[in-house]
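Participant: Structure supplied as coords_26.txt; contents: compact mmCIF, C-alpha atoms.
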# COMPACT_ATOMS: atom_id res chain seq x y z
CA MET A 1355 0.00 0.00 0.00
CA ALA A 1356 1.37 3.46 -0.96
CA LYS A 1357 2.63 5.61 1.87
CA GLU A 1358 0.19 8.43 2.67
CA ILE A 1359 1.74 11.87 2.29
CA ASN A 1360 0.65 14.61 4.68
CA THR A 1361 3.52 17.11 4.56
CA ILE A 1362 5.68 17.92 1.54
CA GLY A 1363 9.01 19.70 1.79
CA VAL A 1364 10.58 21.67 -1.06
CA LEU A 1365 14.18 22.80 -1.54
CA THR A 1366 16.46 24.23 -4.20
CA SER A 1367 20.03 22.96 -4.40
CA GLY A 1368 23.18 23.77 -6.36
CA GLY A 1369 23.28 26.72 -8.77
CA ASP A 1370 20.23 28.97 -8.95
CA ALA A 1371 18.23 29.21 -12.17
CA PRO A 1372 15.43 31.50 -13.39
CA GLY A 1373 12.12 29.65 -13.03
CA MET A 1374 12.94 27.97 -9.73
CA ASN A 1375 10.47 30.30 -8.00
CA ALA A 1376 7.75 29.29 -10.44
CA ALA A 1377 8.42 25.66 -9.54
CA ILE A 1378 8.37 26.37 -5.79
CA ARG A 1379 5.11 28.29 -6.18
CA ALA A 1380 3.51 25.40 -8.06
CA VAL A 1381 4.64 22.86 -5.45
CA VAL A 1382 3.23 24.94 -2.60
CA ARG A 1383 -0.11 25.76 -4.17
CA GLU A 1384 -0.73 22.34 -5.72
CA ALA A 1385 0.05 20.68 -2.37
CA LEU A 1386 -2.31 23.02 -0.53
CA HIS A 1387 -4.98 22.38 -3.18
CA ARG A 1388 -4.65 18.67 -2.41
CA GLY A 1389 -4.98 19.24 1.33
CA LYS A 1390 -1.29 18.77 2.19
CA LYS A 1391 0.98 20.86 4.40
CA VAL A 1392 4.13 22.37 2.94
CA LYS A 1393 7.52 23.02 4.52
CA GLY A 1394 10.12 25.17 2.79
CA ILE A 1395 13.72 24.08 3.37
CA LYS A 1396 16.11 27.01 3.02
CA ARG A 1397 19.61 26.78 1.51
CA GLY A 1398 19.25 23.29 0.07
CA TYR A 1399 20.63 20.23 1.83
CA ALA A 1400 22.80 22.48 4.02
CA GLY A 1401 19.63 24.12 5.32
CA LEU A 1402 18.04 20.72 5.89
CA LEU A 1403 20.96 19.65 8.08
CA ASN A 1404 20.80 23.00 9.91
CA GLU A 1405 17.00 22.62 10.31
CA GLU A 1406 16.27 25.87 8.43
CA ILE A 1407 12.70 24.73 7.83
CA ILE A 1408 9.69 27.03 7.54
CA ASP A 1409 5.94 26.59 7.10
CA MET A 1410 4.67 27.77 3.72
CA ASP A 1411 1.20 28.84 2.63
CA ALA A 1412 -0.24 30.38 -0.53
CA LYS A 1413 0.88 33.85 0.57
CA SER A 1414 4.47 32.63 0.96
CA VAL A 1415 4.79 32.42 -2.81
CA SER A 1416 2.69 35.44 -3.84
CA ASP A 1417 4.33 37.59 -6.53
CA THR A 1418 7.29 35.24 -6.92
CA ILE A 1419 6.58 33.71 -10.34
CA SER A 1420 8.27 36.60 -12.16
CA ARG A 1421 11.34 36.75 -9.92
CA GLY A 1422 14.71 35.24 -10.76
CA GLY A 1423 16.83 33.30 -8.30
CA THR A 1424 15.18 31.25 -5.57
CA VAL A 1425 13.19 32.57 -2.61
CA LEU A 1426 14.33 29.52 -0.64
CA GLN A 1427 17.97 30.32 -1.44
CA THR A 1428 20.45 27.63 -2.32
CA ALA A 1429 23.81 26.21 -1.33
CA ARG A 1430 26.12 23.29 -1.95
CA CYS A 1431 26.63 20.82 0.90
CA LEU A 1432 29.57 18.41 1.07
CA GLU A 1433 28.27 16.89 4.31
CA PHE A 1434 25.19 15.61 2.52
CA THR A 1435 27.37 13.51 0.20
CA THR A 1436 28.28 11.32 3.17
CA PRO A 1437 26.13 8.44 4.53
CA GLU A 1438 26.15 10.11 7.94
CA GLY A 1439 24.85 13.39 6.52
CA GLN A 1440 22.17 11.64 4.50
CA ALA A 1441 20.97 9.62 7.51
CA ARG A 1442 20.79 12.79 9.61
CA GLY A 1443 18.87 14.54 6.83
CA ALA A 1444 16.27 11.76 6.75
CA GLU A 1445 15.97 11.86 10.55
CA ILE A 1446 15.45 15.65 10.48
CA CYS A 1447 12.70 15.18 7.90
CA ARG A 1448 10.94 12.74 10.24
CA LYS A 1449 11.46 15.10 13.19
CA HIS A 1450 9.65 17.88 11.30
CA GLY A 1451 6.93 15.57 9.98
CA ILE A 1452 8.12 15.80 6.36
CA ASP A 1453 6.95 12.71 4.48
CA ALA A 1454 8.20 13.74 1.04
CA ILE A 1455 10.51 16.29 -0.59
CA VAL A 1456 10.57 17.98 -3.98
CA VAL A 1457 14.23 18.65 -4.88
CA ILE A 1458 14.89 21.31 -7.54
CA GLY A 1459 18.44 21.16 -8.90
CA GLY A 1460 20.86 19.18 -11.04
CA ASP A 1461 22.39 15.71 -11.07
CA GLY A 1462 24.18 16.25 -7.76
CA SER A 1463 20.92 17.27 -6.13
CA PHE A 1464 19.23 14.18 -7.57
CA LYS A 1465 21.86 11.95 -5.98
CA GLY A 1466 20.88 13.44 -2.62
CA ALA A 1467 17.21 12.82 -3.38
CA GLN A 1468 18.05 9.24 -4.33
CA LYS A 1469 19.66 8.68 -0.91
CA LEU A 1470 16.70 10.21 0.96
CA ALA A 1471 14.33 7.94 -0.98
CA ALA A 1472 16.37 4.91 0.09
CA LEU A 1473 16.02 6.11 3.69
CA GLY A 1474 12.22 6.27 3.50
CA ILE A 1475 11.57 9.89 2.50
CA ASN A 1476 9.59 9.99 -0.74
CA THR A 1477 11.35 12.23 -3.26
CA VAL A 1478 10.78 13.75 -6.68
CA GLY A 1479 13.45 15.76 -8.49
CA LEU A 1480 12.91 18.67 -10.88
CA PRO A 1481 15.70 19.55 -13.36
CA GLY A 1482 16.79 23.03 -12.33
CA THR A 1483 19.97 24.25 -14.06
CA ILE A 1484 20.79 26.77 -16.77
CA ASP A 1485 23.33 24.33 -18.24
CA LEU A 1486 20.86 21.84 -19.85
CA ASP A 1487 23.30 19.10 -18.84
CA ILE A 1488 20.81 16.65 -17.29
CA SER A 1489 20.76 13.62 -19.55
CA CYS A 1490 17.17 12.46 -19.08
CA THR A 1491 15.52 15.69 -20.25
CA ASP A 1492 15.39 17.95 -23.30
CA TYR A 1493 14.63 20.95 -21.06
CA THR A 1494 15.94 22.23 -17.74
CA ILE A 1495 14.48 25.06 -15.67
CA GLY A 1496 16.38 28.28 -16.40
CA PHE A 1497 18.03 27.32 -19.68
CA ASP A 1498 15.66 29.35 -21.85
CA THR A 1499 16.09 32.51 -19.78
CA ALA A 1500 19.88 32.12 -19.64
CA CYS A 1501 20.05 31.76 -23.42
CA ASN A 1502 17.89 34.83 -23.96
CA THR A 1503 19.96 36.87 -21.50
CA ALA A 1504 23.20 35.83 -23.20
CA MET A 1505 21.76 36.34 -26.70
CA GLU A 1506 20.77 39.93 -25.93
CA ALA A 1507 24.20 40.67 -24.42
CA ILE A 1508 25.97 39.18 -27.45
CA ASP A 1509 23.88 41.35 -29.80
CA LYS A 1510 25.14 44.40 -27.90
CA VAL A 1511 28.76 43.26 -28.03
CA ARG A 1512 28.41 42.69 -31.77
CA ASP A 1513 27.35 46.33 -32.25
CA THR A 1514 30.53 47.70 -30.67
CA SER A 1515 32.66 44.99 -32.27
CA THR A 1516 31.42 46.08 -35.70
CA SER A 1517 32.05 49.75 -34.93
CA HIS A 1518 35.68 49.02 -34.05
CA GLU A 1519 36.16 46.19 -36.59
CA ARG A 1520 37.18 43.86 -33.79
CA CYS A 1521 37.28 40.17 -33.15
CA SER A 1522 35.22 39.46 -30.03
CA ILE A 1523 35.40 36.35 -27.89
CA ILE A 1524 32.28 36.09 -25.73
CA GLU A 1525 32.34 33.45 -23.00
CA VAL A 1526 29.03 32.00 -21.82
CA MET A 1527 28.28 29.71 -18.88
CA GLY A 1528 27.58 25.99 -18.94
CA ARG A 1529 30.32 24.39 -16.82
CA GLY A 1530 31.45 21.36 -18.84
CA ALA A 1531 28.50 21.51 -21.26
CA GLY A 1532 28.23 23.55 -24.45
CA TYR A 1533 24.46 23.91 -24.85
CA ILE A 1534 24.22 27.64 -24.05
CA ALA A 1535 27.17 28.31 -26.36
CA LEU A 1536 25.63 26.30 -29.20
CA TRP A 1537 22.21 27.90 -28.91
CA CYS A 1538 23.64 31.42 -28.65
CA GLY A 1539 26.05 30.76 -31.48
CA LEU A 1540 23.14 29.87 -33.74
CA ALA A 1541 20.87 32.62 -32.43
CA ASN A 1542 23.53 35.32 -32.77
CA GLY A 1543 25.00 34.11 -36.06
CA ALA A 1544 28.49 33.71 -34.60
CA GLU A 1545 31.41 32.97 -36.86
CA GLU A 1546 32.84 30.39 -34.44
CA ILE A 1547 31.39 28.33 -31.59
CA LEU A 1548 33.83 26.62 -29.23
CA LEU A 1549 32.25 23.73 -27.33
CA PRO A 1550 33.99 21.49 -24.77
CA GLU A 1551 32.39 18.48 -26.47
CA LYS A 1552 33.80 19.41 -29.91
CA TYR A 1553 36.74 21.81 -29.62
CA ASP A 1554 40.00 20.38 -30.99
CA HIS A 1555 42.19 23.17 -29.54
CA ASP A 1556 43.52 23.95 -33.04
CA GLU A 1557 44.04 27.66 -32.42
CA SER A 1558 46.09 28.07 -35.60
CA ARG A 1559 42.98 27.22 -37.66
CA LEU A 1560 40.97 29.74 -35.65
CA ILE A 1561 43.60 32.43 -36.26
CA GLU A 1562 43.58 31.73 -40.01
CA GLN A 1563 39.78 32.02 -40.08
CA VAL A 1564 39.91 35.39 -38.33
CA LYS A 1565 42.55 36.63 -40.82
CA HIS A 1566 40.55 35.35 -43.79
CA ALA A 1567 37.36 37.02 -42.64
CA HIS A 1568 39.18 40.31 -42.15
CA ASP A 1569 40.79 40.06 -45.60
CA MET A 1570 37.33 39.47 -47.10
CA GLY A 1571 36.14 42.75 -45.60
CA LYS A 1572 34.17 41.39 -42.65
CA GLN A 1573 33.70 44.13 -40.05
CA HIS A 1574 33.59 41.85 -37.03
CA TYR A 1575 34.35 38.29 -35.99
CA ILE A 1576 32.27 36.80 -33.17
CA ILE A 1577 33.53 33.75 -31.30
CA ILE A 1578 31.17 32.21 -28.73
CA ASN A 1579 33.30 30.37 -26.21
CA ALA A 1580 31.82 27.89 -23.73
CA GLU A 1581 32.90 28.06 -20.10
CA GLY A 1582 34.18 24.48 -20.39
CA VAL A 1583 36.73 25.64 -22.98
CA GLY A 1584 37.49 28.90 -21.17
CA ASP A 1585 40.80 30.84 -21.28
CA SER A 1586 39.02 33.63 -23.20
CA GLN A 1587 41.26 36.50 -22.04
CA ASN A 1588 44.49 34.73 -23.00
CA MET A 1589 42.96 33.46 -26.24
CA ALA A 1590 42.08 37.06 -27.18
CA LYS A 1591 45.68 38.15 -26.56
CA ARG A 1592 47.07 35.33 -28.69
CA ILE A 1593 44.70 36.04 -31.59
CA GLU A 1594 45.51 39.76 -31.54
CA GLU A 1595 49.24 39.08 -31.48
CA ALA A 1596 48.99 36.62 -34.38
CA THR A 1597 46.62 38.65 -36.58
CA GLY A 1598 47.17 42.29 -35.68
CA ILE A 1599 43.38 42.57 -35.38
CA GLU A 1600 42.09 44.16 -32.18
CA THR A 1601 40.55 41.33 -30.14
CA ARG A 1602 38.57 41.61 -26.92
CA ALA A 1603 37.19 39.01 -24.53
CA THR A 1604 33.87 39.46 -22.73
CA ILE A 1605 32.92 36.99 -19.99
CA LEU A 1606 29.18 37.24 -19.39
CA GLY A 1607 29.35 35.32 -16.10
CA HIS A 1608 26.61 35.18 -13.50
CA MET A 1609 24.30 37.67 -15.21
CA GLN A 1610 23.07 34.58 -17.08
CA ARG A 1611 21.76 33.07 -13.84
CA GLY A 1612 19.59 36.06 -12.93
CA GLY A 1613 16.68 38.01 -14.31
CA SER A 1614 12.97 37.52 -14.70
CA PRO A 1615 12.26 34.07 -16.23
CA THR A 1616 10.87 33.79 -19.74
CA CYS A 1617 7.33 32.58 -20.42
CA LYS A 1618 8.66 29.11 -21.27
CA ASP A 1619 10.62 28.82 -18.03
CA ARG A 1620 7.61 29.96 -16.00
CA VAL A 1621 5.15 27.61 -17.68
CA TYR A 1622 7.40 24.53 -17.82
CA ALA A 1623 8.62 25.00 -14.23
CA THR A 1624 5.03 25.43 -13.05
CA THR A 1625 3.93 22.28 -14.85
CA MET A 1626 6.83 20.28 -13.42
CA GLY A 1627 6.20 21.56 -9.89
CA ALA A 1628 2.53 20.59 -9.98
CA MET A 1629 3.38 17.20 -11.50
CA ALA A 1630 5.87 16.52 -8.70
CA VAL A 1631 3.13 16.95 -6.09
CA LYS A 1632 0.79 14.74 -8.08
CA LEU A 1633 3.37 11.92 -8.16
CA LEU A 1634 4.05 12.20 -4.43
CA CYS A 1635 0.34 12.14 -3.62
CA GLU A 1636 0.13 8.92 -5.66
CA GLY A 1637 2.76 7.45 -3.34
CA LYS A 1638 5.58 7.53 -5.89
CA SER A 1639 9.19 8.15 -4.92
CA ASN A 1640 12.72 8.28 -6.33
CA ARG A 1641 11.44 9.95 -9.51
CA VAL A 1642 12.74 12.74 -11.76
CA ILE A 1643 10.41 14.78 -13.93
CA ALA A 1644 11.65 15.46 -17.45
CA HIS A 1645 10.48 17.01 -20.70
CA LYS A 1646 11.14 14.50 -23.45
CA ASN A 1647 10.01 14.60 -27.09
CA GLY A 1648 7.41 17.25 -26.30
CA ASP A 1649 5.87 15.57 -23.24
CA PHE A 1650 6.30 15.85 -19.48
CA VAL A 1651 7.35 12.43 -18.21
CA ASP A 1652 8.99 10.92 -15.14
CA TYR A 1653 11.88 8.50 -14.72
CA ASP A 1654 13.33 6.53 -11.87
CA ILE A 1655 16.25 8.56 -10.50
CA ASP A 1656 18.59 5.57 -10.87
CA GLU A 1657 17.66 5.30 -14.56
CA ALA A 1658 17.93 9.06 -15.10
CA LEU A 1659 21.42 9.29 -13.57
CA ALA A 1660 22.64 6.42 -15.76
CA MET A 1661 21.59 8.14 -19.01
CA GLN A 1662 24.10 9.80 -21.37
CA LYS A 1663 23.64 12.99 -23.38
CA ASP A 1664 25.61 14.74 -26.10
CA ILE A 1665 25.40 17.89 -28.20
CA PRO A 1666 22.78 17.59 -31.00
CA GLU A 1667 24.89 16.71 -34.02
CA TYR A 1668 22.70 18.38 -36.63
CA MET A 1669 22.60 21.68 -34.71
CA TYR A 1670 26.39 21.58 -34.53
CA GLU A 1671 26.68 20.81 -38.27
CA ILE A 1672 24.51 23.74 -39.29
CA SER A 1673 26.45 26.07 -36.99
CA LYS A 1674 29.38 25.33 -39.30
CA SER A 1675 27.55 25.50 -42.62
CA LEU A 1676 25.68 28.78 -41.99
CA VAL A 1677 28.75 30.94 -41.33
As structure tokens, please, write out the structure in this file.
Facilitator:
Amino acid sequence: MAKEINTIGVLTSGGDAPGMNAAIRAVVREALHRGKKVKGIKRGYAGLLNEEIIDMDAKSVSDTISRGGTVLQTARCLEFTTPEGQARGAEICRKHGIDAIVVIGGDGSFKGAQKLAALGINTVGLPGTIDLDISCTDYTIGFDTACNTAMEAIDKVRDTSTSHERCSIIEVMGRGAGYIALWCGLANGAEEILLPEKYDHDESRLIEQVKHAHDMGKQHYIIINAEGVGDSQNMAKRIEEATGIETRATILGHMQRGGSPTCKDRVYATTMGAMAVKLLCEGKSNRVIAHKNGDFVDYDIDEALAMQKDIPEYMYEISKSLV
């Protein structure tokens, strides 16, 4: 017989992402709609271990759907990677009457949810990361907003790059994944896109391409560089020294994590948050919600963590052919 859920906890873990507040709001209000109590856990697993646990009602999430970041705040917690930390986390949940937890974060956060599920706390994970690097899903909360933020910034850099006839290297976030770089490279019509999954570190070829474009009369040369490749400042110096063309590096950084979420991030995060509560109320546990082939689906966390993902080959091919 499925375990009856009376109180649902919700936390955000790891890096923040626009749309997390929409997901929190949906969890709170859907749970209340179903007659459940809700506890907000501040600062992720670190806050759980420190018992930073608050009661939440409908008013707690009023006027949050349009806000970036996370109203519950977030943190990384090494202690929760240990069996002792995980056991204490489960015990704290029981102490506060929390039967189930919705965990909003990335793969590392899901591993924590997996351990709590094994210790008797029903869990559902929502993919919250701007990096789009969760293998089981085609969409992650915050990715759309991050891409739009970066795209608009790159458009502005292109304007000044054209005015000065510069080569511009613009570094976007993504940790070891190149999804933001690929999407922005296509959206901004970049001349080069450097992805950790594809980059061959042949800088001499890159230098020749910059020279050729300049000789052909091109007024700018835009290189989108993924964080996982990095070294943008030094790369700019080397290109300028080799070509004589003024080259500047712009690292967009954490601006990509902030800002009001796009319509897509609000709607998808809301749908995922409500679906998480539905699954928990059905007695399900150790699940991850994903958006796959146009549908919202759920996977066993063990299965989701074992999946592999790579850059879409056709998108990468056309990024080369449309230059």
Participant: Using atom CA of A:Glu1525 and atom CA of A:Gly1373 as the two end points, give the distance in Å to one decimal.
Facilitator: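 Computing the Euclidean distance for atom CA of A:Glu1525 and atom CA of A:Gly1373 yields 22.9 Å.
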Participant: For a test of reading the model, state the distance in Å between atom CA of A:Glu1671 and atom CA of A:Gly1584, rounded to one decimal.
Facilitator: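 Separation between atom CA of A:Glu1671 and atom CA of A:Gly1584: 21.8 Å.
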Participant: From the list A:Glu1358, A:Asp1554, A:Glu1657, A:Asp1461, which residue is nearest A:Gly1637 when using only C-alpha atoms?
Facilitator: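 Answer, going by the shortest atom-to-atom distance: A:Glu1358.
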Participant: Here is a test: counting only C-alpha atoms, which residue of A:Val1392, A:Ile1408, A:Ile1561, A:Val1381 is nearest to A:Glu1595?
Facilitator: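 Closest to A:Glu1595 of all the choices is A:Ile1561.
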Participant: Quick one: of A:Leu1676, A:Ala1603, A:Ala1628, A:Ile1665, who's nearest to A:Pro1550, counting all atoms listed in the file?
Facilitator: A:Ile1665
Participant: So that I can see what lies close to stretch 1424-1436 of chain A, please list as a ChimeraX atom specification the residues with an atom at most 6 Å from it, counting all atoms listed in the file and leaving out residues fewer than 2 positions away in the same chain.
Facilitator: /A:1366-1368,1374-1375,1396-1398,1400,1438-1440
Participant: Considering all atoms listed in the file, give me a table of residues in stretch 1469-1491 of chain A that are at most 10 Å from stretch 1648-1652 of chain A, with the closest atom pair and distance in Å for each, as a Markdown table.
Facilitator:
| residue | atom | partner | partner_atom | distance |
| --- | --- | --- | --- | --- |
| A:Val1478 | CA | A:Asp1652 | CA | 9.1 |
| A:Gly1479 | CA | A:Asp1652 | CA | 9.4 |
| A:Leu1480 | CA | A:Asp1652 | CA | 9.7 |
| A:Cys1490 | CA | A:Asp1652 | CA | 9.2 |
| A:Thr1491 | CA | A:Val1651 | CA | 9.0 |
Participant: Fewer than 6 positions away in the same chain doesn't count, so skip those; otherwise give me all residues within 12 Å of A:Tyr1493, counting all atoms listed in the file, as a short mmCIF file (atom, residue, chain, number, x, y, z; two decimals) with C-alpha atoms, keeping the file's coordinate frame.
Facilitator:
data_model
loop_
_atom_site.label_atom_id
_atom_site.label_comp_id
_atom_site.auth_asym_id
_atom_site.auth_seq_id
_atom_site.Cartn_x
_atom_site.Cartn_y
_atom_site.Cartn_z
CA GLY A 1460 20.86 19.18 -11.04
CA LEU A 1480 12.91 18.67 -10.88
CA PRO A 1481 15.70 19.55 -13.36
CA GLY A 1482 16.79 23.03 -12.33
CA THR A 1483 19.97 24.25 -14.06
CA ILE A 1484 20.79 26.77 -16.77
CA ASP A 1485 23.33 24.33 -18.24
CA LEU A 1486 20.86 21.84 -19.85
CA ASP A 1487 23.30 19.10 -18.84
CA THR A 1499 16.09 32.51 -19.78
CA TYR A 1533 24.46 23.91 -24.85
CA LYS A 1618 8.66 29.11 -21.27
CA ASP A 1619 10.62 28.82 -18.03
CA TYR A 1622 7.40 24.53 -17.82
CA ALA A 1623 8.62 25.00 -14.23
CA MET A 1626 6.83 20.28 -13.42
CA ILE A 1643 10.41 14.78 -13.93
CA ALA A 1644 11.65 15.46 -17.45
CA HIS A 1645 10.48 17.01 -20.70
CA LYS A 1646 11.14 14.50 -23.45
CA ASN A 1647 10.01 14.60 -27.09
CA GLY A 1648 7.41 17.25 -26.30
CA ASP A 1649 5.87 15.57 -23.24
CA PHE A 1650 6.30 15.85 -19.48
CA VAL A 1651 7.35 12.43 -18.21
#
Participant: Between atom CA of A:Asp1509 and atom CA of A:Leu1606, measure the distance and give it in Å to one decimal.
Facilitator: 12.4 Å
Participant: I want to know what sits within 8 Å of stretch 1596-1602 of chain A, based on all atoms listed in the file, with residues of the same chain fewer than 3 positions away left out; could you give that as an mmCIF file with C-alpha atoms, in the coordinates of the input?
Facilitator:
data_model
loop_
_atom_site.group_PDB
_atom_site.id
_atom_site.type_symbol
_atom_site.label_atom_id
_atom_site.label_comp_id
_atom_site.auth_asym_id
_atom_site.auth_seq_id
_atom_site.Cartn_x
_atom_site.Cartn_y
_atom_site.Cartn_z
ATOM 1 C CA GLU A 1519 36.160 46.190 -36.590
ATOM 2 C CA ARG A 1520 37.180 43.860 -33.790
ATOM 3 C CA CYS A 1521 37.280 40.170 -33.150
ATOM 4 C CA SER A 1522 35.220 39.460 -30.030
ATOM 5 C CA ILE A 1523 35.400 36.350 -27.890
ATOM 6 C CA ILE A 1561 43.600 32.430 -36.260
ATOM 7 C CA VAL A 1564 39.910 35.390 -38.330
ATOM 8 C CA LYS A 1565 42.550 36.630 -40.820
ATOM 9 C CA GLN A 1587 41.260 36.500 -22.040
ATOM 10 C CA ALA A 1590 42.080 37.060 -27.180
ATOM 11 C CA LYS A 1591 45.680 38.150 -26.560
ATOM 12 C CA ARG A 1592 47.070 35.330 -28.690
ATOM 13 C CA ILE A 1593 44.700 36.040 -31.590
#
Participant: For A:Glu1405, which residue among A:Asn1360, A:Asp1417, A:Leu1659, A:Gly1443 is the nearest when counting only C-alpha atoms?
Facilitator: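 Checking each of A:Asn1360, A:Asp1417, A:Leu1659, A:Gly1443 against A:Glu1405, counting only C-alpha atoms, the winner is A:Gly1443.
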Participant: For A:Met1505, which residue among A:Glu1562, A:Asp1492, A:Met1609, A:Asp1411 is the nearest when counting only C-alpha atoms?
Facilitator: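 Selected residue with least distance to A:Met1505: A:Met1609.
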Participant: I'd like the contact shell of A:Lys1552 - 12 Å cut-off, all atoms listed in the file, skipping same-chain residues fewer than 5 positions apart - returned as a ChimeraX atom specification.
Facilitator: /A:1530-1533,1535-1536,1546-1547,1579-1580,1582-1583,1664-1667,1670-1671,1674
Participant: Deliver the residues from the most recent selection as a file, using C-alpha atoms, as a PDB file, in the frame of the given file.
Facilitator:
ATOM      1  CA  GLY A1530      31.450  21.360 -18.840  1.00  0.00           C
ATOM      2  CA  ALA A1531      28.500  21.510 -21.260  1.00  0.00           C
ATOM      3  CA  GLY A1532      28.230  23.550 -24.450  1.00  0.00           C
ATOM      4  CA  TYR A1533      24.460  23.910 -24.850  1.00  0.00           C
ATOM      5  CA  ALA A1535      27.170  28.310 -26.360  1.00  0.00           C
ATOM      6  CA  LEU A1536      25.630  26.300 -29.200  1.00  0.00           C
ATOM      7  CA  GLU A1546      32.840  30.390 -34.440  1.00  0.00           C
ATOM      8  CA  ILE A1547      31.390  28.330 -31.590  1.00  0.00           C
ATOM      9  CA  ASN A1579      33.300  30.370 -26.210  1.00  0.00           C
ATOM     10  CA  ALA A1580      31.820  27.890 -23.730  1.00  0.00           C
ATOM     11  CA  GLY A1582      34.180  24.480 -20.390  1.00  0.00           C
ATOM     12  CA  VAL A1583      36.730  25.640 -22.980  1.00  0.00           C
ATOM     13  CA  ASP A1664      25.610  14.740 -26.100  1.00  0.00           C
ATOM     14  CA  ILE A1665      25.400  17.890 -28.200  1.00  0.00           C
ATOM     15  CA  PRO A1666      22.780  17.590 -31.000  1.00  0.00           C
ATOM     16  CA  GLU A1667      24.890  16.710 -34.020  1.00  0.00           C
ATOM     17  CA  TYR A1670      26.390  21.580 -34.530  1.00  0.00           C
ATOM     18  CA  GLU A1671      26.680  20.810 -38.270  1.00  0.00           C
ATOM     19  CA  LYS A1674      29.380  25.330 -39.300  1.00  0.00           C
TER      20      LYS A1674
END
Participant: For A:Ser1639, which of A:Val1621, A:Val1364, A:Ile1576, A:Ile1475 is the closest residue, counting all atoms listed in the file?
Facilitator: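 Under the stated criterion, the closest residue is A:Ile1475.
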Participant: Just want the 8 Å neighbourhood of A:Ile1452, counted on only C-alpha atoms, with same-chain residues fewer than 2 positions away dropped. Output as a PyMOL selection string.
Facilitator: chain A and resi 1360-1363+1393+1447-1450+1454-1455+1475
Participant: Need the neighbours of (-2.7, 22.4, -8.7): which residues are at most 10 Å away, counting only C-alpha atoms, as a ChimeraX atom specification?
Facilitator: /A:1380-1388,1624-1625,1627-1629,1631-1632
Participant: Return stretch 1423-1437 of chain A, completed with N, CA and C atoms, as a JSON list (two decimals), in the coordinates of the input.
Facilitator:
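Saved as selection_10.json:
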[["chain", "number", "residue", "atom", "x", "y", "z"],
["A", 1423, "GLY", "N", 16.26, 33.87, -9.51],
["A", 1423, "GLY", "CA", 16.83, 33.30, -8.30],
["A", 1423, "GLY", "C", 15.89, 32.33, -7.64],
["A", 1424, "THR", "N", 16.05, 32.15, -6.32],
["A", 1424, "THR", "CA", 15.18, 31.25, -5.57],
["A", 1424, "THR", "C", 14.86, 31.87, -4.22],
["A", 1425, "VAL", "N", 13.60, 31.98, -3.89],
["A", 1425, "VAL", "CA", 13.19, 32.57, -2.61],
["A", 1425, "VAL", "C", 13.60, 31.69, -1.43],
["A", 1426, "LEU", "N", 13.86, 30.41, -1.70],
["A", 1426, "LEU", "CA", 14.33, 29.52, -0.64],
["A", 1426, "LEU", "C", 15.85, 29.55, -0.50],
["A", 1427, "GLN", "N", 16.50, 30.26, -1.39],
["A", 1427, "GLN", "CA", 17.97, 30.32, -1.44],
["A", 1427, "GLN", "C", 18.56, 28.92, -1.67],
["A", 1428, "THR", "N", 19.83, 28.90, -1.95],
["A", 1428, "THR", "CA", 20.45, 27.63, -2.32],
["A", 1428, "THR", "C", 21.89, 27.59, -1.84],
["A", 1429, "ALA", "N", 22.43, 26.39, -1.77],
["A", 1429, "ALA", "CA", 23.81, 26.21, -1.33],
["A", 1429, "ALA", "C", 24.28, 24.83, -1.78],
["A", 1430, "ARG", "N", 25.57, 24.62, -1.72],
["A", 1430, "ARG", "CA", 26.12, 23.29, -1.95],
["A", 1430, "ARG", "C", 26.52, 22.73, -0.59],
["A", 1431, "CYS", "N", 26.44, 21.42, -0.43],
["A", 1431, "CYS", "CA", 26.63, 20.82, 0.90],
["A", 1431, "CYS", "C", 27.43, 19.53, 0.79],
["A", 1432, "LEU", "N", 28.72, 19.60, 1.12],
["A", 1432, "LEU", "CA", 29.57, 18.41, 1.07],
["A", 1432, "LEU", "C", 29.14, 17.37, 2.11],
["A", 1433, "GLU", "N", 28.66, 17.83, 3.25],
["A", 1433, "GLU", "CA", 28.27, 16.89, 4.31],
["A", 1433, "GLU", "C", 27.18, 15.94, 3.85],
["A", 1434, "PHE", "N", 26.30, 16.44, 2.96],
["A", 1434, "PHE", "CA", 25.19, 15.61, 2.52],
["A", 1434, "PHE", "C", 25.62, 14.55, 1.51],
["A", 1435, "THR", "N", 26.86, 14.58, 1.08],
["A", 1435, "THR", "CA", 27.37, 13.51, 0.20],
["A", 1435, "THR", "C", 27.83, 12.31, 1.00],
["A", 1436, "THR", "N", 27.84, 12.42, 2.31],
["A", 1436, "THR", "CA", 28.28, 11.32, 3.17],
["A", 1436, "THR", "C", 27.08, 10.53, 3.70],
["A", 1437, "PRO", "N", 27.23, 9.24, 3.96],
["A", 1437, "PRO", "CA", 26.13, 8.44, 4.53],
["A", 1437, "PRO", "C", 25.63, 9.00, 5.85]]
